[in-house]
file target.cif (mmCIF, C-alpha atoms)
data_final
loop_
_atom_site.label_atom_id
_atom_site.label_comp_id
_atom_site.auth_asym_id
_atom_site.auth_seq_id
_atom_site.Cartn_x
_atom_site.Cartn_y
_atom_site.Cartn_z
CA MET H 1 -67.52 -74.49 -31.86
CA THR H 2 -70.73 -72.75 -32.85
CA ALA H 3 -71.70 -71.86 -36.36
CA GLU H 4 -71.42 -68.19 -35.40
CA ALA H 5 -67.82 -68.68 -34.21
CA ALA H 6 -67.01 -70.47 -37.46
CA LYS H 7 -68.50 -67.59 -39.43
CA ARG H 8 -66.45 -65.11 -37.45
CA ARG H 9 -63.29 -67.06 -38.15
CA PHE H 10 -64.27 -67.34 -41.79
CA ARG H 11 -64.65 -63.55 -42.01
CA GLU H 12 -61.15 -63.15 -40.58
CA ILE H 13 -59.54 -65.59 -43.02
CA VAL H 14 -61.37 -65.81 -46.32
CA PRO H 15 -62.36 -62.29 -47.46
CA PRO H 16 -58.90 -60.80 -46.71
CA TYR H 17 -57.29 -63.41 -48.98
CA LEU H 18 -60.04 -63.59 -51.56
CA ASP H 19 -57.96 -61.92 -54.28
CA ASP H 20 -55.13 -64.42 -53.73
CA ALA H 21 -57.62 -67.26 -53.91
CA TYR H 22 -59.23 -65.97 -57.09
CA ARG H 23 -55.89 -65.49 -58.85
CA LEU H 24 -54.72 -68.96 -57.86
CA ALA H 25 -57.97 -70.55 -59.04
CA LYS H 26 -57.83 -68.59 -62.27
CA TRP H 27 -54.26 -69.61 -63.02
CA ILE H 28 -54.97 -73.25 -62.23
CA SER H 29 -58.19 -73.40 -64.25
CA GLY H 30 -57.25 -70.86 -66.90
CA ASP H 31 -60.67 -69.26 -66.79
CA GLY H 32 -62.26 -66.46 -64.77
CA ALA H 33 -65.78 -67.88 -64.61
CA ASP H 34 -64.47 -71.30 -63.55
CA ALA H 35 -62.31 -69.57 -60.94
CA GLU H 36 -65.41 -67.98 -59.41
CA ASP H 37 -67.13 -71.35 -59.13
CA ILE H 38 -64.01 -72.90 -57.65
CA VAL H 39 -63.53 -70.17 -55.06
CA GLN H 40 -67.17 -70.36 -54.05
CA GLU H 41 -66.98 -74.13 -53.59
CA ALA H 42 -63.70 -73.74 -51.67
CA ALA H 43 -65.27 -71.11 -49.41
CA MET H 44 -68.10 -73.47 -48.53
CA ARG H 45 -65.61 -76.20 -47.67
CA ALA H 46 -63.60 -73.74 -45.60
CA LEU H 47 -66.66 -72.60 -43.68
CA ALA H 48 -67.67 -76.19 -42.94
CA ALA H 49 -64.14 -77.06 -41.82
CA LEU H 50 -63.93 -74.01 -39.56
CA GLU H 51 -66.84 -75.28 -37.49
CA ALA H 52 -64.50 -77.93 -36.16
CA MET H 53 -60.99 -76.56 -36.33
CA THR H 54 -58.86 -73.45 -36.26
CA PRO H 55 -56.02 -73.39 -38.77
CA LEU H 56 -52.64 -72.37 -37.39
CA LYS H 57 -51.64 -70.63 -40.60
CA PRO H 58 -54.80 -69.24 -42.13
CA ARG H 59 -53.49 -68.04 -45.47
CA PRO H 60 -51.72 -71.21 -46.69
CA TRP H 61 -54.55 -73.26 -45.17
CA TRP H 62 -57.19 -71.37 -47.15
CA LEU H 63 -55.11 -71.41 -50.34
CA SER H 64 -54.57 -75.16 -49.98
CA ILE H 65 -58.35 -75.60 -49.90
CA VAL H 66 -58.65 -73.44 -53.01
CA ARG H 67 -55.94 -75.44 -54.74
CA ASN H 68 -57.45 -78.82 -53.85
CA THR H 69 -60.91 -77.63 -54.85
CA ALA H 70 -59.51 -76.35 -58.15
CA LEU H 71 -57.77 -79.65 -58.89
CA SER H 72 -60.78 -81.80 -58.07
CA TRP H 73 -63.01 -79.35 -59.96
CA LEU H 74 -60.78 -79.68 -63.04
CA GLN H 75 -60.77 -83.43 -62.79
CA ARG H 76 -64.55 -83.42 -62.61
CA HIS H 77 -65.05 -81.02 -65.49
CA ARG H 78 -61.94 -81.36 -67.64
CA PRO H 79 -60.20 -84.60 -66.70
CA LYS H 80 -57.89 -84.48 -69.74
CA THR H 81 -56.26 -81.17 -68.95
CA ILE H 82 -54.63 -81.96 -65.69
CA SER H 83 -51.92 -84.15 -64.27
CA LEU H 84 -51.62 -84.31 -60.52
CA VAL H 85 -48.46 -86.35 -60.32
CA GLY H 86 -45.38 -87.20 -62.25
CA ASP H 87 -44.08 -83.72 -62.89
CA ASP H 88 -40.69 -84.14 -61.41
CA ASP H 89 -38.84 -86.38 -63.80
CA GLU H 90 -40.33 -85.22 -67.03
CA THR H 91 -38.45 -82.96 -69.35
CA LEU H 92 -40.33 -79.76 -69.90
CA ASP H 93 -41.85 -78.96 -73.24
CA VAL H 94 -40.84 -75.45 -74.00
CA VAL H 95 -43.69 -73.98 -75.98
CA ASP H 96 -42.60 -72.02 -79.00
CA LEU H 97 -44.71 -68.91 -78.62
CA GLY H 98 -44.04 -67.90 -82.20
CA ALA H 99 -44.91 -71.26 -83.73
CA ASP H 100 -48.14 -70.55 -85.56
CA PRO H 101 -48.69 -67.26 -87.38
CA GLU H 102 -51.82 -66.37 -85.51
CA ALA H 103 -50.14 -66.95 -82.18
CA ALA H 104 -47.17 -64.92 -83.32
CA LEU H 105 -49.50 -62.05 -84.05
CA ILE H 106 -51.08 -62.32 -80.62
CA ALA H 107 -47.71 -62.76 -79.01
CA ARG H 108 -46.68 -59.28 -80.07
CA ASP H 109 -48.54 -58.15 -77.06
CA GLU H 110 -46.03 -58.60 -74.26
CA SER H 111 -48.61 -59.30 -71.59
CA GLU H 112 -50.16 -61.99 -73.74
CA ARG H 113 -46.73 -63.59 -74.21
CA VAL H 114 -46.08 -63.69 -70.48
CA ARG H 115 -49.56 -65.02 -69.80
CA ARG H 116 -49.26 -67.73 -72.43
CA ALA H 117 -45.82 -68.73 -71.18
CA ILE H 118 -47.06 -69.14 -67.60
CA ALA H 119 -50.20 -70.92 -68.78
CA SER H 120 -48.10 -73.42 -70.73
CA LEU H 121 -46.28 -74.64 -67.63
CA PRO H 122 -47.31 -78.02 -66.22
CA SER H 123 -49.81 -77.59 -63.41
CA PRO H 124 -47.51 -78.28 -60.41
CA LEU H 125 -44.89 -75.83 -61.69
CA ARG H 126 -47.51 -73.21 -62.56
CA GLU H 127 -49.24 -73.25 -59.19
CA THR H 128 -45.90 -73.02 -57.39
CA LEU H 129 -44.80 -70.07 -59.51
CA VAL H 130 -48.14 -68.30 -59.09
CA LEU H 131 -48.11 -68.74 -55.31
CA ARG H 132 -44.60 -67.25 -55.20
CA GLU H 133 -44.69 -64.49 -57.81
CA ILE H 134 -48.32 -63.46 -57.82
CA ASP H 135 -49.61 -64.36 -54.36
CA ASP H 136 -46.28 -63.66 -52.62
CA LEU H 137 -46.14 -66.74 -50.39
CA ASP H 138 -42.76 -67.77 -48.98
CA TYR H 139 -41.33 -71.27 -49.50
CA ARG H 140 -42.77 -72.66 -46.29
CA GLU H 141 -46.22 -71.33 -47.04
CA ILE H 142 -46.08 -72.72 -50.58
CA ALA H 143 -45.02 -76.10 -49.20
CA GLU H 144 -48.03 -76.02 -46.92
CA ALA H 145 -50.48 -74.83 -49.55
CA THR H 146 -49.37 -77.42 -52.11
CA GLN H 147 -48.70 -80.21 -49.60
CA ALA H 148 -45.23 -80.71 -51.02
CA PRO H 149 -41.84 -80.88 -49.32
CA ILE H 150 -39.90 -77.64 -49.38
CA GLY H 151 -37.21 -79.18 -51.62
CA THR H 152 -39.89 -79.97 -54.19
CA VAL H 153 -41.16 -76.40 -53.99
CA MET H 154 -37.67 -75.09 -54.69
CA SER H 155 -37.03 -77.41 -57.58
CA ARG H 156 -40.44 -76.65 -59.13
CA LEU H 157 -39.84 -72.96 -58.80
CA SER H 158 -36.44 -73.16 -60.41
CA ARG H 159 -37.72 -75.36 -63.24
CA ALA H 160 -40.67 -73.06 -63.81
CA ARG H 161 -38.45 -70.02 -64.01
CA GLY H 162 -35.92 -71.80 -66.19
CA ALA H 163 -38.66 -72.69 -68.67
CA LEU H 164 -40.10 -69.17 -68.64
CA VAL H 165 -36.72 -67.56 -69.23
CA LYS H 166 -36.23 -69.86 -72.24
CA MET H 167 -39.69 -69.26 -73.66
CA LEU H 168 -39.66 -65.53 -73.23
CA SER H 169 -36.16 -64.95 -74.56
CA LYS H 170 -36.73 -67.23 -77.54
CA THR H 171 -39.29 -65.05 -79.25
CA SER H 172 -38.34 -61.59 -78.13
CA MET O 1 -25.35 -82.15 -53.50
CA SER O 2 -22.10 -80.28 -54.01
CA ASP O 3 -21.82 -76.59 -53.40
CA ASP O 4 -21.59 -75.97 -57.14
CA ALA O 5 -24.83 -77.80 -57.81
CA ARG O 6 -26.55 -75.73 -55.16
CA LEU O 7 -25.51 -72.41 -56.61
CA PRO O 8 -28.36 -72.07 -59.10
CA LEU O 9 -30.89 -72.87 -56.36
CA ARG O 10 -29.20 -70.27 -54.18
CA ALA O 11 -29.84 -67.66 -56.88
CA HIS O 12 -33.55 -68.44 -56.57
CA MET O 13 -33.38 -68.35 -52.80
CA ALA O 14 -31.59 -65.00 -52.88
CA LEU O 15 -34.19 -63.63 -55.27
CA ASP O 16 -36.96 -64.87 -52.99
CA GLY O 17 -35.43 -63.49 -49.80
CA GLU O 18 -35.01 -66.99 -48.40
CA LEU O 19 -31.29 -66.76 -47.52
CA ASP O 20 -30.14 -65.78 -44.07
CA ALA O 21 -27.45 -63.14 -43.58
CA THR O 22 -24.49 -65.56 -43.71
CA ASN O 23 -25.68 -67.22 -46.89
CA THR O 24 -26.57 -63.90 -48.48
CA LEU O 25 -23.03 -62.76 -47.89
CA ALA O 26 -21.63 -65.97 -49.38
CA PHE O 27 -23.96 -65.60 -52.35
CA GLU O 28 -22.91 -62.01 -52.98
CA GLU O 29 -19.28 -63.08 -52.97
CA GLU O 30 -20.05 -65.82 -55.50
CA LEU O 31 -21.97 -63.32 -57.57
CA ALA O 32 -18.94 -61.02 -57.73
CA LYS O 33 -16.67 -63.89 -58.76
CA SER O 34 -18.83 -65.68 -61.29
CA PRO O 35 -20.09 -63.88 -64.40
CA GLU O 36 -22.29 -66.89 -65.28
CA LEU O 37 -24.02 -66.72 -61.94
CA ALA O 38 -24.39 -62.96 -62.24
CA ALA O 39 -25.96 -63.39 -65.69
CA GLU O 40 -28.32 -66.07 -64.37
CA TYR O 41 -29.31 -63.85 -61.46
CA ALA O 42 -29.95 -60.93 -63.80
CA ARG O 43 -32.19 -63.16 -65.96
CA LEU O 44 -34.19 -64.18 -62.92
CA GLN O 45 -34.60 -60.56 -61.87
CA ALA O 46 -35.70 -59.63 -65.38
CA LEU O 47 -38.21 -62.48 -65.37
CA ARG O 48 -39.63 -61.28 -62.08
CA ARG O 49 -40.01 -57.75 -63.45
CA ALA O 50 -41.74 -59.12 -66.54
CA ILE O 51 -44.18 -61.14 -64.44
CA ARG O 52 -44.88 -58.23 -62.10
CA GLU O 53 -45.49 -55.92 -65.00
CA HIS O 54 -47.35 -58.19 -67.38
CA ALA O 55 -49.19 -60.66 -65.19
CA PRO O 56 -51.06 -58.18 -63.04
CA ARG O 57 -52.44 -59.07 -59.64
CA GLU O 58 -56.03 -59.23 -60.51
CA ALA O 59 -58.65 -58.58 -57.84
CA ALA O 60 -61.57 -60.95 -57.33
CA PRO O 61 -64.75 -59.76 -59.07
CA GLU O 62 -67.07 -57.78 -56.81
CA ARG O 63 -69.98 -60.21 -57.28
CA LEU O 64 -67.80 -63.09 -56.09
CA ARG O 65 -66.78 -61.07 -53.05
CA ARG O 66 -70.42 -60.35 -52.22
CA ARG O 67 -71.36 -64.02 -52.56
CA ILE O 68 -68.48 -65.11 -50.34
CA GLU O 69 -69.24 -62.51 -47.70
CA ALA O 70 -72.89 -63.51 -47.71
CA LEU O 71 -71.88 -67.08 -46.81
CA ALA O 72 -70.72 -65.93 -43.40
CA ALA O 73 -72.74 -62.81 -42.77
CA PRO O 74 -73.40 -62.32 -39.07
CA VAL O 75 -76.98 -62.86 -37.94
CA PRO O 76 -78.44 -59.36 -37.67
CA VAL O 77 -79.50 -58.28 -34.22
CA PHE O 78 -82.77 -56.39 -34.24
CA LYS O 79 -83.64 -53.84 -31.65
CA ARG O 80 -87.33 -54.05 -31.04
CA ALA O 81 -89.78 -53.42 -28.27
CA PRO O 82 -89.37 -56.02 -25.48
CA TRP O 83 -92.71 -57.70 -26.17
CA MET O 84 -91.71 -58.16 -29.81
CA ALA O 85 -88.42 -59.71 -28.83
CA THR O 86 -90.22 -62.18 -26.61
CA ALA O 87 -92.70 -63.06 -29.31
CA ALA O 88 -89.95 -63.47 -31.88
CA GLY O 89 -87.92 -65.55 -29.43
CA LEU O 90 -90.87 -67.85 -28.86
CA ALA O 91 -91.40 -68.24 -32.57
CA VAL O 92 -87.74 -69.13 -33.09
CA ALA O 93 -87.76 -71.57 -30.17
CA THR O 94 -90.86 -73.28 -31.54
CA ALA O 95 -89.35 -73.50 -34.99
CA LEU O 96 -86.11 -74.90 -33.58
CA ALA O 97 -87.91 -77.46 -31.47
CA GLY O 98 -89.73 -78.64 -34.58
CA PHE O 99 -86.49 -78.75 -36.50
CA TRP O 100 -84.67 -80.81 -33.89
CA ALA O 101 -87.59 -83.15 -33.42
CA GLY O 102 -87.64 -83.71 -37.17
CA ARG O 103 -83.92 -84.38 -37.19
CA ALA O 104 -84.04 -86.83 -34.35
CA THR O 105 -86.34 -89.13 -36.27
CA SER O 106 -84.96 -88.78 -39.77
CA GLY O 107 -81.30 -87.92 -39.12
CA GLY O 108 -79.90 -91.41 -39.77
CA GLU O 109 -81.70 -91.83 -43.07
CA SER O 110 -80.74 -88.41 -44.34
CA ASP O 111 -77.10 -89.12 -43.43
CA VAL O 112 -77.20 -92.28 -45.51
CA ALA O 113 -78.90 -90.47 -48.37
CA ALA O 114 -76.26 -87.74 -48.31
CA LEU O 115 -73.39 -90.23 -48.26
CA VAL O 116 -74.90 -92.32 -51.05
CA ALA O 117 -75.29 -89.11 -53.06
CA GLY O 118 -71.62 -88.35 -52.35
CA TYR O 119 -70.65 -91.81 -53.58
CA GLN O 120 -72.79 -91.46 -56.70
CA ARG O 121 -71.45 -88.05 -57.52
CA ALA O 122 -67.89 -89.27 -57.03
CA ALA O 123 -68.40 -92.45 -59.04
CA LEU O 124 -70.02 -90.58 -61.93
CA SER O 125 -67.39 -87.89 -62.07
CA ASP O 126 -64.48 -90.25 -62.76
CA GLN O 127 -62.80 -88.48 -59.89
CA PRO O 128 -63.87 -90.14 -56.68
CA ILE O 129 -61.20 -88.52 -54.61
CA ASP O 130 -59.83 -85.21 -53.48
CA VAL O 131 -56.47 -86.68 -52.62
CA ALA O 132 -55.31 -89.41 -54.97
CA SER O 133 -52.92 -91.71 -53.25
CA SER O 134 -52.53 -95.34 -52.30
CA ASP O 135 -50.24 -94.24 -49.49
CA ARG O 136 -51.98 -94.09 -46.11
CA HIS O 137 -49.37 -91.64 -44.91
CA THR O 138 -50.43 -89.18 -47.60
CA VAL O 139 -54.16 -89.67 -47.23
CA LYS O 140 -54.30 -89.51 -43.46
CA PRO O 141 -52.73 -86.05 -42.94
CA TRP O 142 -54.69 -84.66 -45.85
CA LEU O 143 -57.98 -85.77 -44.33
CA ALA O 144 -56.86 -84.61 -40.90
CA ALA O 145 -56.15 -81.16 -42.28
CA HIS O 146 -59.57 -80.86 -43.88
CA ALA O 147 -61.96 -82.55 -41.50
CA PRO O 148 -62.41 -82.58 -37.75
CA LEU O 149 -62.26 -86.30 -37.10
CA GLY O 150 -58.83 -87.81 -37.22
CA ALA O 151 -59.30 -90.42 -39.88
CA LEU O 152 -58.15 -93.95 -39.25
CA VAL O 153 -56.69 -95.26 -42.47
CA PRO O 154 -56.38 -99.02 -42.16
CA ASP O 155 -54.29 -100.83 -44.77
CA LEU O 156 -56.57 -103.38 -46.43
CA GLY O 157 -54.31 -104.12 -49.39
CA ALA O 158 -53.54 -107.63 -48.12
CA ASP O 159 -57.29 -108.39 -48.04
CA GLY O 160 -57.72 -107.29 -51.66
CA TYR O 161 -58.97 -103.76 -51.06
CA PRO O 162 -56.24 -101.33 -52.11
CA LEU O 163 -56.57 -97.74 -50.94
CA VAL O 164 -57.37 -95.31 -53.75
CA GLY O 165 -57.49 -92.07 -51.81
CA GLY O 166 -59.74 -89.90 -49.72
CA ARG O 167 -62.25 -87.14 -50.09
CA ILE O 168 -64.32 -84.85 -47.95
CA ASP O 169 -68.07 -85.32 -47.97
CA ILE O 170 -70.31 -82.67 -46.52
CA LEU O 171 -72.95 -83.83 -44.08
CA ASP O 172 -75.17 -81.25 -42.47
CA ARG O 173 -72.70 -78.61 -43.66
CA ARG O 174 -69.89 -80.35 -41.78
CA PRO O 175 -66.89 -81.97 -43.44
CA VAL O 176 -66.70 -85.73 -43.06
CA PRO O 177 -63.56 -87.68 -43.95
CA THR O 178 -64.23 -90.41 -46.48
CA LEU O 179 -61.76 -93.09 -47.47
CA VAL O 180 -62.00 -94.69 -50.88
CA TYR O 181 -60.92 -98.29 -51.40
CA SER O 182 -61.27 -100.36 -54.52
CA ARG O 183 -62.37 -103.92 -55.20
CA GLY O 184 -61.67 -104.80 -58.81
CA LYS O 185 -63.39 -102.07 -60.79
CA HIS O 186 -65.68 -101.12 -57.94
CA LEU O 187 -65.17 -98.44 -55.35
CA ILE O 188 -66.03 -98.60 -51.69
CA SER O 189 -66.36 -95.39 -49.66
CA VAL O 190 -66.01 -95.42 -45.90
CA SER O 191 -67.07 -92.25 -44.09
CA GLU O 192 -66.27 -91.65 -40.47
CA LEU O 193 -68.91 -89.88 -38.40
CA PRO O 194 -69.12 -88.77 -34.80
CA LEU O 195 -70.58 -91.38 -32.46
CA SER O 196 -73.70 -89.26 -32.08
CA GLN O 197 -74.58 -90.18 -35.66
CA SER O 198 -74.08 -93.90 -35.29
CA GLY O 199 -76.44 -96.46 -36.68
CA GLY O 200 -76.26 -100.16 -37.35
CA GLY O 201 -76.91 -102.72 -40.02
CA ALA O 202 -77.15 -103.08 -43.75
CA THR O 203 -79.46 -101.12 -46.01
CA ALA O 204 -79.72 -100.37 -49.69
CA LEU O 205 -80.57 -97.11 -51.40
CA ASP O 206 -80.91 -96.46 -55.11
CA GLY O 207 -79.13 -99.71 -55.89
CA TYR O 208 -76.19 -98.98 -53.62
CA HIS O 209 -75.45 -101.06 -50.57
CA VAL O 210 -74.81 -99.41 -47.26
CA GLU O 211 -73.34 -100.84 -44.07
CA ARG O 212 -73.26 -98.93 -40.80
CA TRP O 213 -71.34 -99.83 -37.68
CA ARG O 214 -69.44 -98.25 -34.82
CA ASP O 215 -66.52 -98.84 -32.55
CA SER O 216 -65.75 -97.20 -29.23
CA GLU O 217 -64.76 -93.89 -30.85
CA ARG O 218 -66.46 -93.46 -34.17
CA ALA O 219 -69.39 -94.37 -36.32
CA TYR O 220 -68.84 -95.60 -39.86
CA VAL O 221 -70.86 -95.73 -43.05
CA ALA O 222 -69.64 -97.82 -45.99
CA VAL O 223 -71.26 -97.27 -49.39
CA SER O 224 -70.59 -99.28 -52.55
CA ASP O 225 -72.07 -100.74 -55.68
CA ILE O 226 -70.64 -104.17 -54.89
CA GLU O 227 -73.08 -106.84 -53.71
CA ALA O 228 -74.27 -106.80 -50.10
CA PRO O 229 -72.38 -109.96 -48.99
CA GLU O 230 -69.17 -108.59 -50.53
CA LEU O 231 -69.64 -105.30 -48.73
CA ALA O 232 -70.22 -107.19 -45.49
CA ALA O 233 -66.92 -109.03 -46.06
CA PHE O 234 -65.20 -105.69 -46.63
CA VAL O 235 -66.60 -104.37 -43.36
CA VAL O 236 -65.28 -107.43 -41.52
CA SER O 237 -61.84 -106.78 -42.97
CA PHE O 238 -62.01 -103.06 -42.16
CA ARG O 239 -63.09 -103.64 -38.57
CA LYS O 240 -60.38 -106.21 -38.06
CA ARG O 241 -57.63 -103.94 -39.41
CA ALA O 242 -58.97 -100.80 -37.76
CA SER O 243 -59.03 -102.24 -34.27
CA PRO O 244 -55.93 -101.29 -32.35
#

call {"tool": "encode", "arguments": {"input": "target.cif", "output": "structure tokens"}}
result
Amino acid sequence: MTAEAAKRRFREIVPPYLDDAYRLAKWISGDGADAEDIVQEAAMRALAALEAMTPLKPRPWWLSIVRNTALSWLQRHRPKTISLVGDDDETLDVVDLGADPEAALIARDESERVRRAIASLPSPLRETLVLREIDDLDYREIAEATQAPIGTVMSRLSRARGALVKMLSKTS
Amino acid sequence: MSDDARLPLRAHMALDGELDATNTLAFEEELAKSPELAAEYARLQALRRAIREHAPREAAPERLRRRIEALAAPVPVFKRAPWMATAAGLAVATALAGFWAGRATSGGESDVAALVAGYQRAALSDQPIDVASSDRHTVKPWLAAHAPLGALVPDLGADGYPLVGGRIDILDRRPVPTLVYSRGKHLISVSELPLSQSGGGATALDGYHVERWRDSERAYVAVSDIEAPELAAFVVSFRKRASP
């Protein structure tokens, strides 16, 4: 495949799903500027990969590159903040959003409460929830984007929601 | 799993539109019978509303969009007088010829330099891998999904080189699958290249040892900070286990 064909494919896949990619990167990294770096690096990987292959399902394929880039980016820059494995048997820490007075003050803002609750989820649960609720992927697409079996996707989603319901009803 | 244990998951599936007609019907009947399930379903719906309302779907910043689009901008086609087109074409052809001639002589060395840089970057970052797994059956499909060459992932655990994972290196703007094995505290990267980029023998660059070899289908480059004889022993083991 020529570089021009790869570019054409890239234009069909990446810009249409750029918002999805940016949101995913921002939720994984927790930071807008980092998300821009991550998406740019992911786009370069995608362009290089497209010179040799055509993905069957462009959107989950592209989002899986974004996700993997975000995870390796975090491990390069902030190795302490991320755990790739071992989410499934742990009990979830439910963050008390009203614990410290300053946080309680901030938490009066409903959007801030929701954001903090989502941000407090362990990485595998958070990315699954974001792909479903914010990027609107279905279970199969999430399984593909996160390279997890569909049963794992379902259990992560239900654990993520269970934790959010607890956190958000606790302080309201 | 009993039907009861599946009910909560079914509430999520119903919410996510993942139930078929038969199961939707069954779920609605359960919902009518069970106040607990109805309450749970209402909580999930409320959570969804809260997320929709309070975690807005943010658009990518315009400057990011411009940068991304610039990566793959089509080459502009100029309409000029015919003599200009010819002159420009000649200039491009000359430039390309120079470029390819340059590549032909220095390609092998620049490949090695790029892969050594990839190894260095990975070793320094504490995160030598994109996919962290000692399981070949995890690493192989991941590499296959992200790079053109189907990576062979030989199991060298019995020879004392456990698999650590894999990553993608970029060579000439193309993704190259790289396997990462360990030897004690040292890492050994093995990148698989197309045959057209094959080379042979042992070299060293910046204190790293490099071994290149090929089989009937692929070319390989191994990079490590272990000593040259140890790397040669690794290559023997790899070639033995990789041969069908």

call {"tool": "resolve_selection", "arguments": {"input": "target.cif", "expression": "the PyMOL selection byres ((chain H) within 6 of (chain O))", "output": "list in words"}}
result
Lys7, Asp19, Tyr22, Ala48, Ala49, Ala52, Ser72, Arg76 and Ser111 of chain H

call {"tool": "atom_distance", "arguments": {"input": "target.cif", "atom1": "atom CA of Lys140 of chain O", "atom2": "atom CA of Gln147 of chain H"}}
result
12.5 Å

call {"tool": "residues_around", "arguments": {"input": "target.cif", "residues": "Ser155 of chain H", "least_positions_apart": "2", "cutoff": "10 Å", "atoms": "only C-alpha atoms", "output": "list in words"}}
result
Asp88, Leu125, Thr128, Ile150, Gly151, Thr152, Val153, Leu157, Ser158, Arg159, Ala160 and Arg161 of chain H; Leu9 and His12 of chain O

call {"tool": "closest_residue", "arguments": {"input": "target.cif", "among": "O:Ala144, O:Val164, O:Val116, O:Leu187", "to": "Thr203 of chain O", "atoms": "only C-alpha atoms"}}
result
O:Val116

call {"tool": "atom_distance", "arguments": {"input": "target.cif", "atom1": "atom CA of Ser191 of chain O", "atom2": "atom CA of Ala219 of chain O"}}
result
8.4 Å

call {"tool": "residues_around", "arguments": {"input": "target.cif", "residues": "Asp20 of chain H", "least_positions_apart": "4", "cutoff": "12 Å", "atoms": "only C-alpha atoms", "output": "VMD selection string"}}
result
(chain H and resid 13 to 16 24 to 27 35 39 59 to 60 62 to 64 66 to 67 127 130 to 137) or (chain O and resid 56 to 61)

call {"tool": "atom_distance", "arguments": {"input": "target.cif", "atom1": "atom CA of Leu71 of chain H", "atom2": "atom CA of Leu152 of chain O"}}
result
24.3 Å

call {"tool": "resolve_selection", "arguments": {"input": "target.cif", "expression": "the PyMOL selection byres ((chain O and resi 211) around 8)", "output": "VMD selection string"}}
result
chain O and resid 200 to 203 209 to 210 212 to 213 221 to 223 231 to 232 235

call {"tool": "residues_around", "arguments": {"input": "target.cif", "residues": "Ser189 of chain O", "least_positions_apart": "4", "cutoff": "7 Å", "atoms": "all atoms listed in the file", "output": "VMD selection string"}}
result
chain O and resid 119 178 to 181 222 to 224

call {"tool": "residues_near_point", "arguments": {"input": "target.cif", "point": "(-56.7, -105.1, -50.6)", "cutoff": "10 Å", "atoms": "all atoms listed in the file", "output": "VMD selection string"}}
result
chain O and resid 155 to 163 181 to 184 234 237

call {"tool": "residues_around", "arguments": {"input": "target.cif", "residues": "Ile38 of chain H", "least_positions_apart": "4", "cutoff": "7 Å", "atoms": "all atoms listed in the file", "output": "ChimeraX atom specification"}}
result
/H:25,34,42,69-70,73

call {"tool": "closest_residue", "arguments": {"input": "target.cif", "among": "O:Ser196, O:Ala233, O:Ser243, O:Glu30", "to": "Asp215 of chain O", "atoms": "only C-alpha atoms"}}
result
O:Ser243

call {"tool": "axis_aligned_box", "arguments": {"input": "target.cif", "around": "segment 150-163 of chain O", "padding_each_side": "5 Å", "output": "AutoDock Vina command-line options"}}
result
--center_x -56.4 --center_y -98.1 --center_z -44.7 --size_x 15.8 --size_y 30.6 --size_z 24.9

call {"tool": "closest_residue", "arguments": {"input": "target.cif", "among": "H:Met53, H:Ile65, H:Ala33, H:Val165", "to": "Ala21 of chain H", "atoms": "all atoms listed in the file"}}
result
H:Ile65

call {"tool": "build_atoms", "arguments": {"input": "target.cif", "residues": "segment 51-61 of chain H", "atoms": "N, CA and C atoms", "output": "PDB file, in the frame of the given file"}}
result
ATOM      1  N   GLU H  51     -65.960 -74.981 -38.617  1.00  0.00           N
ATOM      2  CA  GLU H  51     -66.840 -75.280 -37.490  1.00  0.00           C
ATOM      3  C   GLU H  51     -66.165 -76.257 -36.535  1.00  0.00           C
ATOM      4  N   ALA H  52     -65.122 -76.913 -37.010  1.00  0.00           N
ATOM      5  CA  ALA H  52     -64.500 -77.930 -36.160  1.00  0.00           C
ATOM      6  C   ALA H  52     -63.036 -77.685 -35.873  1.00  0.00           C
ATOM      7  N   MET H  53     -62.421 -76.747 -36.566  1.00  0.00           N
ATOM      8  CA  MET H  53     -60.990 -76.560 -36.330  1.00  0.00           C
ATOM      9  C   MET H  53     -60.591 -75.117 -36.578  1.00  0.00           C
ATOM     10  N   THR H  54     -59.429 -74.765 -36.042  1.00  0.00           N
ATOM     11  CA  THR H  54     -58.860 -73.450 -36.260  1.00  0.00           C
ATOM     12  C   THR H  54     -57.494 -73.633 -36.897  1.00  0.00           C
ATOM     13  N   PRO H  55     -57.322 -73.176 -38.133  1.00  0.00           N
ATOM     14  CA  PRO H  55     -56.020 -73.390 -38.770  1.00  0.00           C
ATOM     15  C   PRO H  55     -54.939 -72.544 -38.111  1.00  0.00           C
ATOM     16  N   LEU H  56     -53.740 -73.120 -37.991  1.00  0.00           N
ATOM     17  CA  LEU H  56     -52.640 -72.370 -37.390  1.00  0.00           C
ATOM     18  C   LEU H  56     -52.152 -71.276 -38.333  1.00  0.00           C
ATOM     19  N   LYS H  57     -52.088 -71.623 -39.615  1.00  0.00           N
ATOM     20  CA  LYS H  57     -51.640 -70.630 -40.600  1.00  0.00           C
ATOM     21  C   LYS H  57     -52.748 -70.420 -41.612  1.00  0.00           C
ATOM     22  N   PRO H  58     -53.581 -69.406 -41.351  1.00  0.00           N
ATOM     23  CA  PRO H  58     -54.800 -69.240 -42.130  1.00  0.00           C
ATOM     24  C   PRO H  58     -54.579 -69.096 -43.643  1.00  0.00           C
ATOM     25  N   ARG H  59     -53.582 -68.314 -44.047  1.00  0.00           N
ATOM     26  CA  ARG H  59     -53.490 -68.040 -45.470  1.00  0.00           C
ATOM     27  C   ARG H  59     -53.113 -69.277 -46.290  1.00  0.00           C
ATOM     28  N   PRO H  60     -52.000 -69.988 -45.940  1.00  0.00           N
ATOM     29  CA  PRO H  60     -51.720 -71.210 -46.690  1.00  0.00           C
ATOM     30  C   PRO H  60     -52.814 -72.268 -46.531  1.00  0.00           C
ATOM     31  N   TRP H  61     -53.453 -72.296 -45.372  1.00  0.00           N
ATOM     32  CA  TRP H  61     -54.550 -73.260 -45.170  1.00  0.00           C
ATOM     33  C   TRP H  61     -55.674 -72.995 -46.166  1.00  0.00           C
TER      34      TRP H  61
END
